[in-house]
file entry26.txt (compact mmCIF, C-alpha atoms and all ligand atoms)
# COMPACT_ATOMS: atom_id res chain seq x y z
CA MET A 1 -12.85 -11.75 -21.88
CA ASN A 2 -12.43 -8.04 -22.57
CA PHE A 3 -8.97 -6.54 -22.25
CA ASN A 4 -10.09 -3.01 -23.18
CA PHE A 5 -10.22 -0.31 -20.55
CA THR A 6 -13.21 2.00 -20.45
CA GLU A 7 -12.87 5.65 -21.38
CA GLU A 8 -13.14 6.55 -17.69
CA GLN A 9 -10.41 4.09 -16.69
CA GLU A 10 -8.12 5.54 -19.38
CA MET A 11 -8.85 9.07 -18.17
CA ILE A 12 -7.97 8.16 -14.59
CA ARG A 13 -4.74 6.52 -15.73
CA GLN A 14 -3.87 9.60 -17.79
CA ALA A 15 -4.63 11.98 -14.91
CA ALA A 16 -2.35 9.98 -12.59
CA ARG A 17 0.39 9.82 -15.24
CA ASP A 18 0.16 13.57 -15.92
CA TYR A 19 0.47 14.43 -12.25
CA ALA A 20 3.36 12.03 -11.70
CA GLU A 21 5.33 13.11 -14.77
CA ARG A 22 4.67 16.82 -14.32
CA GLU A 23 4.79 17.26 -10.52
CA LEU A 24 6.09 14.26 -8.55
CA ILE A 25 9.21 13.98 -10.67
CA LYS A 26 10.33 17.51 -9.75
CA ASP A 27 11.24 16.81 -6.14
CA VAL A 28 11.17 13.03 -5.77
CA LEU A 29 14.97 12.76 -5.42
CA GLU A 30 15.17 15.57 -2.91
CA ARG A 31 12.36 14.14 -0.79
CA ASP A 32 14.03 10.73 -0.88
CA GLU A 33 17.32 12.28 0.24
CA LYS A 34 15.74 14.29 3.06
CA ALA A 35 13.05 11.73 3.97
CA GLU A 36 10.59 14.58 3.62
CA TYR A 37 6.82 14.00 3.67
CA PRO A 38 5.08 15.07 0.42
CA THR A 39 2.58 17.43 2.09
CA GLN A 40 1.71 19.55 -0.94
CA HIS A 41 1.45 16.57 -3.29
CA ILE A 42 -0.96 14.79 -0.95
CA LYS A 43 -3.06 17.95 -0.81
CA ASN A 44 -3.05 18.23 -4.62
CA LEU A 45 -3.83 14.53 -5.11
CA SER A 46 -6.68 14.81 -2.58
CA GLU A 47 -8.15 17.61 -4.68
CA LEU A 48 -7.82 15.39 -7.76
CA GLY A 49 -9.77 12.69 -5.87
CA PHE A 50 -7.05 10.03 -5.49
CA LEU A 51 -7.00 9.76 -1.69
CA GLY A 52 -10.55 8.40 -1.58
CA MET A 53 -10.86 7.17 -5.13
CA LEU A 54 -12.44 3.81 -4.21
CA VAL A 55 -15.02 5.22 -1.82
CA ASP A 56 -18.68 5.55 -2.81
CA PRO A 57 -19.56 9.16 -3.80
CA LYS A 58 -22.28 9.15 -1.12
CA TYR A 59 -19.41 9.18 1.39
CA ASP A 60 -17.54 11.87 -0.58
CA GLY A 61 -15.29 9.42 -2.44
CA GLY A 62 -14.45 9.19 -6.14
CA GLY A 63 -16.57 6.07 -6.79
CA MET A 64 -13.88 4.64 -9.05
CA ASP A 65 -13.41 0.93 -9.57
CA THR A 66 -10.45 -1.16 -8.46
CA VAL A 67 -9.18 -1.56 -12.04
CA SER A 68 -8.81 2.24 -12.20
CA TYR A 69 -7.03 2.11 -8.86
CA VAL A 70 -4.46 -0.37 -10.25
CA LEU A 71 -3.90 1.87 -13.28
CA ALA A 72 -3.49 4.99 -11.15
CA MET A 73 -1.19 3.28 -8.64
CA GLU A 74 1.05 1.98 -11.42
CA GLU A 75 1.46 5.46 -12.91
CA ILE A 76 2.13 7.19 -9.60
CA CYS A 77 4.57 4.51 -8.41
CA LYS A 78 6.55 4.59 -11.65
CA ILE A 79 7.76 7.94 -10.35
CA ASP A 80 7.13 8.01 -6.60
CA SER A 81 6.02 5.05 -4.57
CA SER A 82 6.18 6.91 -1.25
CA VAL A 83 3.21 8.92 -2.46
CA GLY A 84 1.74 5.64 -3.73
CA VAL A 85 1.80 3.95 -0.32
CA ILE A 86 0.13 6.93 1.36
CA ILE A 87 -2.70 6.72 -1.19
CA SER A 88 -2.87 2.95 -0.88
CA VAL A 89 -3.09 2.78 2.92
CA ASN A 90 -5.72 5.53 3.00
CA ASN A 91 -7.86 3.93 0.28
CA SER A 92 -7.53 0.21 0.69
CA LEU A 93 -6.88 -0.31 4.36
CA VAL A 94 -8.54 2.59 6.14
CA CYS A 95 -11.42 3.80 3.93
CA TYR A 96 -12.24 0.29 2.72
CA GLY A 97 -12.44 -1.08 6.27
CA ILE A 98 -14.76 1.66 7.53
CA GLU A 99 -16.91 1.68 4.39
CA ASN A 100 -17.45 -2.07 4.38
CA TYR A 101 -17.72 -2.83 8.09
CA GLY A 102 -18.38 0.48 9.87
CA THR A 103 -21.67 1.94 11.12
CA GLU A 104 -23.39 4.85 9.36
CA GLU A 105 -22.26 7.12 12.21
CA GLN A 106 -18.64 6.01 11.77
CA LYS A 107 -18.87 6.60 8.03
CA GLU A 108 -20.34 10.06 8.53
CA LYS A 109 -17.79 11.10 11.13
CA TYR A 110 -14.62 9.39 9.86
CA LEU A 111 -14.99 8.04 6.33
CA LYS A 112 -16.10 11.29 4.72
CA PRO A 113 -13.08 13.42 5.73
CA LEU A 114 -10.79 10.49 4.87
CA ALA A 115 -12.37 10.09 1.44
CA ARG A 116 -11.99 13.82 0.78
CA GLY A 117 -8.33 13.51 1.80
CA GLU A 118 -8.81 16.18 4.48
CA LYS A 119 -7.72 13.58 6.99
CA ILE A 120 -5.30 10.74 6.40
CA GLY A 121 -5.64 7.31 7.94
CA ALA A 122 -3.23 4.71 9.28
CA PHE A 123 -3.67 0.96 9.85
CA LEU A 124 -2.18 -0.29 13.11
CA LEU A 125 -1.84 -4.07 13.08
CA SER A 126 1.91 -4.84 13.29
CA GLU A 127 3.62 -4.94 16.66
CA PRO A 128 7.23 -5.31 17.82
CA GLU A 129 6.57 -9.02 18.37
CA ALA A 130 3.67 -9.61 15.97
CA GLY A 131 4.42 -8.77 12.34
CA SER A 132 3.74 -11.77 10.12
CA ASP A 133 2.32 -13.63 13.13
CA ALA A 134 -0.63 -11.27 13.33
CA THR A 135 -2.90 -13.42 15.53
CA HIS A 136 -0.56 -12.86 18.51
CA GLN A 137 -1.59 -9.30 19.30
CA ARG A 138 -0.08 -7.95 22.55
CA THR A 139 -1.85 -4.60 22.47
CA THR A 140 -4.83 -4.89 24.79
CA ALA A 141 -8.26 -3.28 24.62
CA GLU A 142 -9.86 -3.74 28.02
CA ASP A 143 -13.65 -3.51 28.07
CA LYS A 144 -14.63 -0.86 30.64
CA GLY A 145 -18.35 -0.70 29.94
CA ASP A 146 -18.89 2.48 27.93
CA HIS A 147 -15.32 2.57 26.62
CA TYR A 148 -12.22 0.46 25.97
CA LEU A 149 -8.81 1.13 27.45
CA LEU A 150 -5.95 0.62 24.98
CA ASN A 151 -2.42 -0.28 26.06
CA GLY A 152 0.50 -1.47 23.96
CA THR A 153 2.79 -0.63 21.07
CA LYS A 154 2.36 -0.79 17.30
CA ASN A 155 5.29 -0.86 14.91
CA TRP A 156 6.14 0.16 11.33
CA ILE A 157 3.05 2.31 10.97
CA THR A 158 2.74 4.12 7.64
CA ASN A 159 1.07 7.57 8.03
CA ALA A 160 1.51 7.40 11.81
CA ASN A 161 2.46 11.07 12.04
CA SER A 162 0.77 12.51 8.96
CA GLY A 163 -2.40 10.57 9.68
CA SER A 164 -4.99 11.60 12.24
CA ILE A 165 -7.37 8.64 12.15
CA TYR A 166 -6.07 5.28 13.24
CA ILE A 167 -7.56 1.83 12.68
CA VAL A 168 -6.18 -0.09 15.68
CA VAL A 169 -6.26 -3.87 16.15
CA ALA A 170 -6.05 -5.06 19.78
CA GLN A 171 -6.76 -8.05 22.00
CA THR A 172 -9.80 -7.91 24.31
CA HIS A 173 -10.24 -11.57 25.30
CA PRO A 174 -6.79 -13.26 25.29
CA GLU A 175 -8.31 -16.62 26.23
CA LYS A 176 -10.20 -16.61 22.91
CA LYS A 177 -6.98 -16.05 20.93
CA HIS A 178 -7.68 -14.48 17.50
CA LYS A 179 -11.43 -14.68 18.14
CA GLY A 180 -10.96 -12.22 21.02
CA ILE A 181 -9.37 -9.50 18.88
CA ASN A 182 -11.20 -6.24 18.21
CA VAL A 183 -10.64 -3.28 15.90
CA PHE A 184 -11.25 0.37 16.70
CA ILE A 185 -11.24 3.79 15.11
CA VAL A 186 -8.96 5.91 17.27
CA GLU A 187 -8.30 9.63 16.92
CA LYS A 188 -4.59 10.28 17.00
CA ASP A 189 -4.89 13.25 19.35
CA SER A 190 -6.50 11.11 22.08
CA PRO A 191 -4.67 11.48 25.43
CA GLY A 192 -2.17 8.67 26.03
CA ILE A 193 -0.92 8.27 22.44
CA SER A 194 2.74 8.94 21.70
CA LEU A 195 4.91 8.32 18.65
CA GLY A 196 8.34 6.77 18.36
CA GLN A 197 11.00 8.34 16.20
CA HIS A 198 10.61 8.65 12.43
CA GLU A 199 12.06 5.42 10.98
CA ASP A 200 15.08 6.09 8.77
CA LYS A 201 14.12 3.70 5.98
CA MET A 202 16.12 2.26 3.09
CA GLY A 203 13.39 3.18 0.58
CA MET A 204 9.98 4.88 0.40
CA ARG A 205 11.75 7.46 2.48
CA SER A 206 9.26 10.25 2.03
CA SER A 207 6.34 8.35 3.55
CA ASP A 208 6.36 8.60 7.34
CA THR A 209 6.76 5.47 9.44
CA HIS A 210 6.75 5.38 13.25
CA SER A 211 5.93 3.15 16.15
CA VAL A 212 2.86 4.24 18.15
CA MET A 213 2.50 3.75 21.90
CA PHE A 214 -0.83 3.56 23.72
CA THR A 215 -0.99 4.19 27.47
CA ASP A 216 -4.47 3.97 28.98
CA VAL A 217 -6.06 5.44 25.86
CA LYS A 218 -9.84 5.71 26.22
CA VAL A 219 -11.75 4.68 23.11
CA PRO A 220 -15.54 5.13 23.08
CA LYS A 221 -17.45 1.88 22.64
CA GLU A 222 -19.13 3.23 19.50
CA ASN A 223 -15.69 3.35 17.86
CA ARG A 224 -15.36 -0.44 17.76
CA ILE A 225 -15.87 -1.73 14.21
CA GLY A 226 -18.14 -4.75 13.93
CA GLU A 227 -19.15 -7.29 16.55
CA ASP A 228 -17.05 -8.12 19.60
CA GLY A 229 -14.23 -10.39 18.36
CA PHE A 230 -14.42 -9.32 14.70
CA GLY A 231 -11.01 -7.61 14.69
CA PHE A 232 -8.85 -10.36 13.22
CA LYS A 233 -11.27 -11.19 10.40
CA PHE A 234 -11.53 -7.45 9.73
CA ALA A 235 -7.74 -7.22 9.41
CA MET A 236 -7.55 -10.21 7.07
CA LYS A 237 -10.42 -9.05 4.85
CA THR A 238 -9.03 -5.53 4.66
CA LEU A 239 -5.53 -6.75 3.83
CA GLU A 240 -6.92 -8.70 0.88
CA GLY A 241 -7.72 -5.37 -0.79
CA GLY A 242 -4.60 -3.68 0.54
CA ARG A 243 -2.50 -6.28 -1.23
CA ILE A 244 -3.94 -5.21 -4.60
CA GLY A 245 -2.67 -1.71 -3.81
CA ILE A 246 0.84 -2.90 -2.91
CA ALA A 247 0.95 -5.29 -5.88
CA SER A 248 0.13 -2.32 -8.15
CA GLN A 249 2.77 -0.30 -6.38
CA ALA A 250 5.35 -3.01 -7.08
CA LEU A 251 4.14 -3.11 -10.68
CA GLY A 252 4.66 0.65 -10.97
CA ILE A 253 8.17 0.44 -9.51
CA ALA A 254 9.06 -2.29 -12.02
CA SER A 255 7.50 -0.36 -14.94
CA GLY A 256 9.34 2.81 -13.95
CA ALA A 257 12.67 0.99 -13.87
CA PHE A 258 11.85 -0.75 -17.17
CA GLU A 259 11.00 2.47 -19.03
CA ARG A 260 14.21 4.09 -17.82
CA SER A 261 16.20 1.01 -18.89
CA VAL A 262 14.70 0.95 -22.39
CA ASN A 263 15.50 4.64 -22.91
CA TYR A 264 19.01 4.19 -21.59
CA ALA A 265 19.64 1.12 -23.75
CA LYS A 266 18.62 3.04 -26.87
CA GLU A 267 20.80 6.05 -26.08
CA ARG A 268 23.96 4.70 -24.48
CA LYS A 269 26.65 3.37 -26.77
CA ALA A 270 29.24 0.67 -25.99
CA PHE A 271 31.54 -1.21 -28.36
CA GLY A 272 30.48 1.08 -31.20
CA THR A 273 26.72 0.60 -31.00
CA GLU A 274 23.74 1.25 -28.74
CA LEU A 275 23.37 -1.05 -25.73
CA ALA A 276 20.04 -2.19 -27.19
CA ASN A 277 21.96 -3.86 -30.02
CA HIS A 278 23.77 -6.14 -27.60
CA GLN A 279 21.84 -9.33 -27.05
CA ALA A 280 22.91 -9.47 -23.38
CA ILE A 281 20.93 -6.26 -22.83
CA ALA A 282 18.11 -6.94 -25.31
CA PHE A 283 17.30 -10.26 -23.62
CA LYS A 284 17.24 -8.59 -20.21
CA ILE A 285 14.76 -6.06 -21.62
CA SER A 286 12.65 -8.91 -22.98
CA ASP A 287 12.66 -10.74 -19.63
CA MET A 288 11.68 -7.56 -17.82
CA ALA A 289 8.79 -6.92 -20.22
CA VAL A 290 7.41 -10.45 -19.81
CA LYS A 291 7.53 -10.25 -16.01
CA ILE A 292 5.87 -6.84 -15.94
CA GLU A 293 3.10 -7.92 -18.29
CA ALA A 294 2.40 -10.98 -16.14
CA ALA A 295 2.38 -8.87 -12.96
CA ARG A 296 0.00 -6.34 -14.57
CA ASN A 297 -2.38 -9.14 -15.51
CA PHE A 298 -2.27 -10.53 -11.96
CA CYS A 299 -3.10 -7.10 -10.55
CA LEU A 300 -5.92 -6.45 -13.00
CA LYS A 301 -7.42 -9.91 -12.46
CA ALA A 302 -7.51 -9.41 -8.69
CA ALA A 303 -9.01 -5.94 -9.18
CA TRP A 304 -11.59 -7.23 -11.64
CA LEU A 305 -12.66 -10.02 -9.25
CA LYS A 306 -13.07 -7.45 -6.46
CA ASP A 307 -15.10 -5.16 -8.71
CA GLN A 308 -17.34 -8.10 -9.67
CA GLY A 309 -18.00 -8.88 -6.00
CA LYS A 310 -16.26 -12.26 -6.34
CA PRO A 311 -13.72 -13.69 -3.84
CA PHE A 312 -10.35 -12.08 -4.55
CA GLY A 313 -8.14 -12.94 -1.54
CA VAL A 314 -6.04 -15.59 -3.26
CA ALA A 315 -5.79 -13.55 -6.47
CA SER A 316 -4.57 -10.53 -4.51
CA ALA A 317 -2.02 -12.69 -2.65
CA MET A 318 -0.75 -14.04 -6.01
CA ALA A 319 -0.60 -10.51 -7.44
CA LYS A 320 1.28 -9.18 -4.41
CA GLN A 321 3.77 -12.03 -4.23
CA TYR A 322 4.52 -12.05 -7.93
CA ALA A 323 4.60 -8.30 -8.50
CA ALA A 324 6.80 -7.67 -5.46
CA ASP A 325 9.25 -10.42 -6.36
CA ILE A 326 9.56 -9.34 -10.00
CA ALA A 327 9.87 -5.69 -8.94
CA MET A 328 13.02 -6.69 -7.07
CA GLU A 329 14.32 -8.65 -10.09
CA VAL A 330 13.46 -5.98 -12.63
CA THR A 331 14.94 -3.11 -10.63
CA THR A 332 18.11 -5.14 -10.03
CA ASP A 333 18.41 -5.69 -13.81
CA ALA A 334 17.71 -2.00 -14.38
CA VAL A 335 20.64 -1.05 -12.19
CA GLN A 336 22.81 -3.60 -14.05
CA ILE A 337 21.81 -2.21 -17.46
CA HIS A 338 22.70 1.30 -16.30
CA GLY A 339 26.11 0.11 -15.01
CA GLY A 340 27.86 2.72 -12.88
CA TYR A 341 25.14 5.27 -13.67
CA GLY A 342 22.61 2.90 -12.16
CA TYR A 343 24.43 3.05 -8.86
CA VAL A 344 24.10 6.82 -8.46
CA LYS A 345 20.96 8.65 -7.41
CA GLU A 346 20.49 10.88 -10.44
CA TYR A 347 19.34 7.97 -12.62
CA HIS A 348 16.55 6.91 -10.23
CA VAL A 349 16.94 3.15 -10.69
CA GLU A 350 18.89 2.62 -7.45
CA ARG A 351 16.01 4.35 -5.61
CA LEU A 352 13.47 2.14 -7.39
CA MET A 353 15.49 -0.91 -6.34
CA ARG A 354 15.42 0.25 -2.71
CA GLU A 355 11.69 0.84 -2.96
CA ALA A 356 11.01 -2.55 -4.54
CA LYS A 357 12.47 -4.29 -1.49
CA LEU A 358 9.75 -2.98 0.80
CA THR A 359 6.97 -4.38 -1.39
CA GLN A 360 8.26 -7.86 -0.53
CA ILE A 361 7.91 -7.07 3.17
CA TYR A 362 4.89 -4.94 4.08
CA GLU A 363 1.19 -5.85 3.97
CA GLY A 364 2.31 -9.47 4.22
CA THR A 365 5.76 -10.66 3.15
CA SER A 366 6.18 -12.75 0.00
CA GLU A 367 6.38 -15.78 2.29
CA ILE A 368 3.03 -14.90 3.93
CA GLN A 369 1.45 -14.67 0.47
CA LYS A 370 2.75 -18.20 -0.20
CA ILE A 371 1.07 -19.38 3.01
CA VAL A 372 -2.23 -17.84 1.89
CA ILE A 373 -1.95 -19.30 -1.62
CA SER A 374 -0.77 -22.77 -0.63
CA ARG A 375 -3.41 -23.13 2.11
CA SER A 376 -6.13 -22.28 -0.40
CA ILE A 377 -4.87 -25.06 -2.67
CA LEU A 378 -4.13 -27.71 -0.05
CA LYS A 379 -7.01 -27.25 2.40
CA GLY A 380 -9.77 -29.83 2.69
N1 LIG B 401 -10.60 -13.66 5.41
C1 LIG B 401 -11.35 -13.99 6.48
N2 LIG B 401 -10.89 -14.71 7.51
C2 LIG B 401 -9.61 -15.09 7.44
C3 LIG B 401 -8.76 -14.79 6.37
C4 LIG B 401 -9.32 -14.03 5.31
N3 LIG B 401 -8.59 -13.68 4.25
N4 LIG B 401 -7.55 -15.30 6.59
C5 LIG B 401 -7.61 -15.92 7.79
N5 LIG B 401 -8.86 -15.79 8.28
C6 LIG B 401 -9.38 -16.34 9.53
C7 LIG B 401 -9.31 -17.86 9.55
O1 LIG B 401 -10.43 -18.43 8.94
C8 LIG B 401 -9.26 -18.14 11.02
O2 LIG B 401 -10.54 -17.99 11.58
P1 LIG B 401 -11.33 -19.24 12.26
O3 LIG B 401 -10.44 -19.75 13.35
O4 LIG B 401 -12.61 -18.64 12.71
O5 LIG B 401 -11.48 -20.25 11.15
C9 LIG B 401 -8.44 -16.98 11.58
O6 LIG B 401 -8.55 -15.94 10.61
C10 LIG B 401 -7.00 -17.31 11.84
O7 LIG B 401 -6.44 -17.74 10.60
P2 LIG B 401 -5.26 -18.77 10.53
O8 LIG B 401 -5.55 -19.95 11.41
O9 LIG B 401 -4.97 -19.00 9.10
O10 LIG B 401 -4.09 -17.92 11.25
P3 LIG B 401 -2.53 -18.09 11.13
O11 LIG B 401 -1.96 -17.49 12.34
O12 LIG B 401 -2.13 -19.48 10.80
O13 LIG B 401 -2.09 -17.24 9.82
C11 LIG B 401 -1.89 -15.36 8.37
C12 LIG B 401 -2.75 -16.14 9.34
C13 LIG B 401 -2.49 -15.48 6.98
C14 LIG B 401 -0.44 -15.79 8.31
C15 LIG B 401 -2.01 -13.93 8.92
O14 LIG B 401 -1.48 -13.86 10.23
C16 LIG B 401 -1.36 -12.88 8.06
O15 LIG B 401 -1.92 -12.49 7.02
N6 LIG B 401 -0.21 -12.36 8.49
C17 LIG B 401 0.42 -11.23 7.82
C18 LIG B 401 -0.03 -9.95 8.42
C19 LIG B 401 0.21 -8.79 7.52
O16 LIG B 401 -0.06 -8.83 6.32
N7 LIG B 401 0.69 -7.70 8.11
C20 LIG B 401 0.87 -6.50 7.35
C21 LIG B 401 0.78 -5.32 8.25
S1 LIG B 401 -0.18 -4.02 7.62
C22 LIG B 401 0.89 -3.04 6.76
O17 LIG B 401 1.96 -3.39 6.36
C23 LIG B 401 0.29 -1.71 6.47
C24 LIG B 401 1.20 -0.62 6.16
O18 LIG B 401 1.37 0.30 6.95
C25 LIG B 401 1.77 -0.51 4.79
call {"tool": "encode", "arguments": {"input": "entry26.txt", "output": "structure tokens"}}
result
Amino acid sequence: MNFNFTEEQEMIRQAARDYAERELIKDVLERDEKAEYPTQHIKNLSELGFLGMLVDPKYDGGGMDTVSYVLAMEEICKIDSSVGVIISVNNSLVCYGIENYGTEEQKEKYLKPLARGEKIGAFLLSEPEAGSDATHQRTTAEDKGDHYLLNGTKNWITNANSGSIYIVVAQTHPEKKHKGINVFIVEKDSPGISLGQHEDKMGMRSSDTHSVMFTDVKVPKENRIGEDGFGFKFAMKTLEGGRIGIASQALGIASGAFERSVNYAKERKAFGTELANHQAIAFKISDMAVKIEAARNFCLKAAWLKDQGKPFGVASAMAKQYAADIAMEVTTDAVQIHGGYGYVKEYHVERLMREAKLTQIYEGTSEIQKIVISRSILKG
């Protein structure tokens, strides 16, 4: 087993860290306050190659491996996980799905601009009545011969407004249940698409989240991905990779809160000495470090399996569940270590705590990850 990163992996990590520490930090609090989309940062990070970092260079991507992706996501999310989720959805849900299951024409037309970051993608699976219970899709895609007609509503869609290319999951043959589900590439400016209001979220406030309504939206047949009925498997396979992205995001949130707590504990004095000299604080720091190291190893293992072409679905579920849960614990401890200062915005840790909560919910709640993990153990 080799725990060393390659020179290229280190360079990617450093580039992400430099951008986060130099640029994202400047306005992260203001964007959180105003729930303002990070337009210029996404443009800059596209130019640096992060929006399509996992895509093969022949489709204009960065050709980087998943281990590098974990390292980059951790660095970016230490400072700004709203930017992190935009990168993650574009890379692991949208680009990955088209690259692995799309036709050459779809890759040419849609993957290339997404990989260059000129266009941003969104993944539309969740519905008002089908979040965790993803097989029960109410959105319909009626087969009309040369096109499909989409009707229904999707909920909690990251990049719904900033994105222009949608991956939409919908039911074509209700009698076949999940085997009747299809998935389509849909251009956001198609007639019949409208957006709900911008969701006023607790955390990750500068990424945009909306519901999306489809009313008789015509989708050309050639925009279906895969065979008729492949949509649910597509969603599940794609989410396996997406969960590595969100696990790394949770890892970054925890690491960011940890670094701030260590610095604070060394500087702040109480009872005549630095906080770090009080065992109550030192042990918290130790517990945080152990959890973060374990989460990092989970993320890197899942990424390594994916890069080796080995099955990684259970590893990514373990990484997501563990990293998200410890992100919540670590950020809660970070606020506690900071005391009153932790409860005000200037010190960042309250924001990180709000952000950590979402990692336990989206791309499969912690409970859904336990379903995936336990079924893999108990089946057969
Ligand atoms: N790979 C391939 N196929 C898979 C699979 C996988 N990882 N997981 C399930 N399947 C297949 C099963 O084999 C089965 O197919 P067959 O009938 O042909 O055997 C089919 O899918 C149905 O599976 P289940 O019977 O296990 O279905 P279920 O209803 O019991 O549970 C679930 C499935 C794992 C709970 C699934 O519904 C799930 O993952 N739910 C969570 C959905 C989710 O993560 N949503 C996140 C939204 S996206 C988001 O948040 C993006 C964003 O904007 C940030």
call {"tool": "closest_atom_pairs", "arguments": {"input": "entry26.txt", "of": "chain A", "to": "ligand LIG 401 (chain B)", "cutoff": "7 Å", "atoms": "all atoms listed in the file", "output": "CSV"}}
result
residue,atom,partner,partner_atom,distance
A:Val85,CA,B:LIG401,C25,6.8
A:Val89,CA,B:LIG401,C25,6.2
A:Ala122,CA,B:LIG401,O18,6.8
A:Phe123,CA,B:LIG401,C23,5.9
A:Leu124,CA,B:LIG401,S1,6.9
A:Leu125,CA,B:LIG401,C21,5.6
A:Ser126,CA,B:LIG401,C21,5.2
A:Gly131,CA,B:LIG401,N7,5.7
A:Ser132,CA,B:LIG401,C17,4.1
A:Asp133,CA,B:LIG401,O14,4.8
A:Ala134,CA,B:LIG401,O14,4.1
A:Thr135,CA,B:LIG401,O11,5.3
A:Trp156,CA,B:LIG401,O18,6.5
A:Ile157,CA,B:LIG401,O18,4.8
A:Thr158,CA,B:LIG401,O18,4.1
A:His178,CA,B:LIG401,C10,6.4
A:Lys179,CA,B:LIG401,O4,6.8
A:Phe232,CA,B:LIG401,O6,6.2
A:Lys233,CA,B:LIG401,N2,4.6
A:Met236,CA,B:LIG401,C4,4.6
A:Lys237,CA,B:LIG401,N1,4.6
A:Leu239,CA,B:LIG401,O16,6.4
A:Glu240,CA,B:LIG401,N3,6.2
A:Gly313,CA,B:LIG401,N3,5.9
A:Tyr362,CA,B:LIG401,O17,4.0
A:Glu363,CA,B:LIG401,C20,3.5
A:Gly364,CA,B:LIG401,O16,3.2
A:Thr365,CA,B:LIG401,O16,6.9
A:Ile368,CA,B:LIG401,C14,5.7
A:Ile371,CA,B:LIG401,C14,6.6
A:Val372,CA,B:LIG401,C13,5.6
call {"tool": "atom_distance", "arguments": {"input": "entry26.txt", "atom1": "CA of Tyr101 in chain A", "atom2": "CA of Asn182 in chain A"}}
result
12.5 Å
call {"tool": "atom_distance", "arguments": {"input": "entry26.txt", "atom1": "CA of Ala323 in chain A", "atom2": "CA of Leu305 in chain A"}}
result
17.4 Å
call {"tool": "residues_near_point", "arguments": {"input": "entry26.txt", "point": "(15.5, -2.6, -4.9)", "cutoff": "12 Å", "atoms": "only C-alpha atoms", "output": "ChimeraX atom specification"}}
result
/A:202-204,250,253-254,257,324-336,342-343,348-361
call {"tool": "write_last_selection", "arguments": {"input": "entry26.txt", "atoms": "C-alpha atoms", "output": "short mmCIF file (atom, residue, chain, number, x, y, z; two decimals), in the coordinates of the input"}}
result
data_model
loop_
_atom_site.label_atom_id
_atom_site.label_comp_id
_atom_site.auth_asym_id
_atom_site.auth_seq_id
_atom_site.Cartn_x
_atom_site.Cartn_y
_atom_site.Cartn_z
CA MET A 202 16.12 2.26 3.09
CA GLY A 203 13.39 3.18 0.58
CA MET A 204 9.98 4.88 0.40
CA ALA A 250 5.35 -3.01 -7.08
CA ILE A 253 8.17 0.44 -9.51
CA ALA A 254 9.06 -2.29 -12.02
CA ALA A 257 12.67 0.99 -13.87
CA ALA A 324 6.80 -7.67 -5.46
CA ASP A 325 9.25 -10.42 -6.36
CA ILE A 326 9.56 -9.34 -10.00
CA ALA A 327 9.87 -5.69 -8.94
CA MET A 328 13.02 -6.69 -7.07
CA GLU A 329 14.32 -8.65 -10.09
CA VAL A 330 13.46 -5.98 -12.63
CA THR A 331 14.94 -3.11 -10.63
CA THR A 332 18.11 -5.14 -10.03
CA ASP A 333 18.41 -5.69 -13.81
CA ALA A 334 17.71 -2.00 -14.38
CA VAL A 335 20.64 -1.05 -12.19
CA GLN A 336 22.81 -3.60 -14.05
CA GLY A 342 22.61 2.90 -12.16
CA TYR A 343 24.43 3.05 -8.86
CA HIS A 348 16.55 6.91 -10.23
CA VAL A 349 16.94 3.15 -10.69
CA GLU A 350 18.89 2.62 -7.45
CA ARG A 351 16.01 4.35 -5.61
CA LEU A 352 13.47 2.14 -7.39
CA MET A 353 15.49 -0.91 -6.34
CA ARG A 354 15.42 0.25 -2.71
CA GLU A 355 11.69 0.84 -2.96
CA ALA A 356 11.01 -2.55 -4.54
CA LYS A 357 12.47 -4.29 -1.49
CA LEU A 358 9.75 -2.98 0.80
CA THR A 359 6.97 -4.38 -1.39
CA GLN A 360 8.26 -7.86 -0.53
CA ILE A 361 7.91 -7.07 3.17
#
call {"tool": "closest_residue", "arguments": {"input": "entry26.txt", "among": "A:Asn2, A:Ile120, A:Gln106, A:Ala235", "to": "Gln137 in chain A", "atoms": "all atoms listed in the file"}}
result
A:Ala235
call {"tool": "closest_residue", "arguments": {"input": "entry26.txt", "among": "A:Phe312, A:Tyr347, A:Phe258, A:Tyr96", "to": "Ile292 in chain A", "atoms": "only C-alpha atoms"}}
result
A:Phe258
call {"tool": "closest_residue", "arguments": {"input": "entry26.txt", "among": "A:Pro128, A:Gly245, A:Pro174, A:Gly231", "to": "Ala302 in chain A", "atoms": "all atoms listed in the file"}}
result
A:Gly245
call {"tool": "atom_distance", "arguments": {"input": "entry26.txt", "atom1": "CA of Val55 in chain A", "atom2": "CA of Leu93 in chain A"}}
result
11.6 Å
call {"tool": "closest_residue", "arguments": {"input": "entry26.txt", "among": "A:Asp228, A:Thr209, A:Ile244, A:Val290", "to": "Ala35 in chain A", "atoms": "all atoms listed in the file"}}
result
A:Thr209
call {"tool": "closest_residue", "arguments": {"input": "entry26.txt", "among": "A:Gly241, A:Gly252, A:Gly340, A:Gly229", "to": "Trp304 in chain A", "atoms": "all atoms listed in the file"}}
result
A:Gly241
call {"tool": "closest_residue", "arguments": {"input": "entry26.txt", "among": "A:Val28, A:Ala16, A:Ile87, A:Leu45", "to": "Glu75 in chain A", "atoms": "only C-alpha atoms"}}
result
A:Ala16
call {"tool": "residues_near_point", "arguments": {"input": "entry26.txt", "point": "(3.5, -7.6, 19.8)", "cutoff": "7 Å", "atoms": "all atoms listed in the file", "output": "JSON, numbers by chain"}}
result
{"A": [127, 128, 129, 130, 136, 137, 138, 139]}
call {"tool": "axis_aligned_box", "arguments": {"input": "entry26.txt", "around": "range 273-280 of chain A", "padding_each_side": "6 Å", "output": "AutoDock Vina command-line options"}}
result
--center_x 23.4 --center_y -4.1 --center_z -27.2 --size_x 18.7 --size_y 22.7 --size_z 19.6
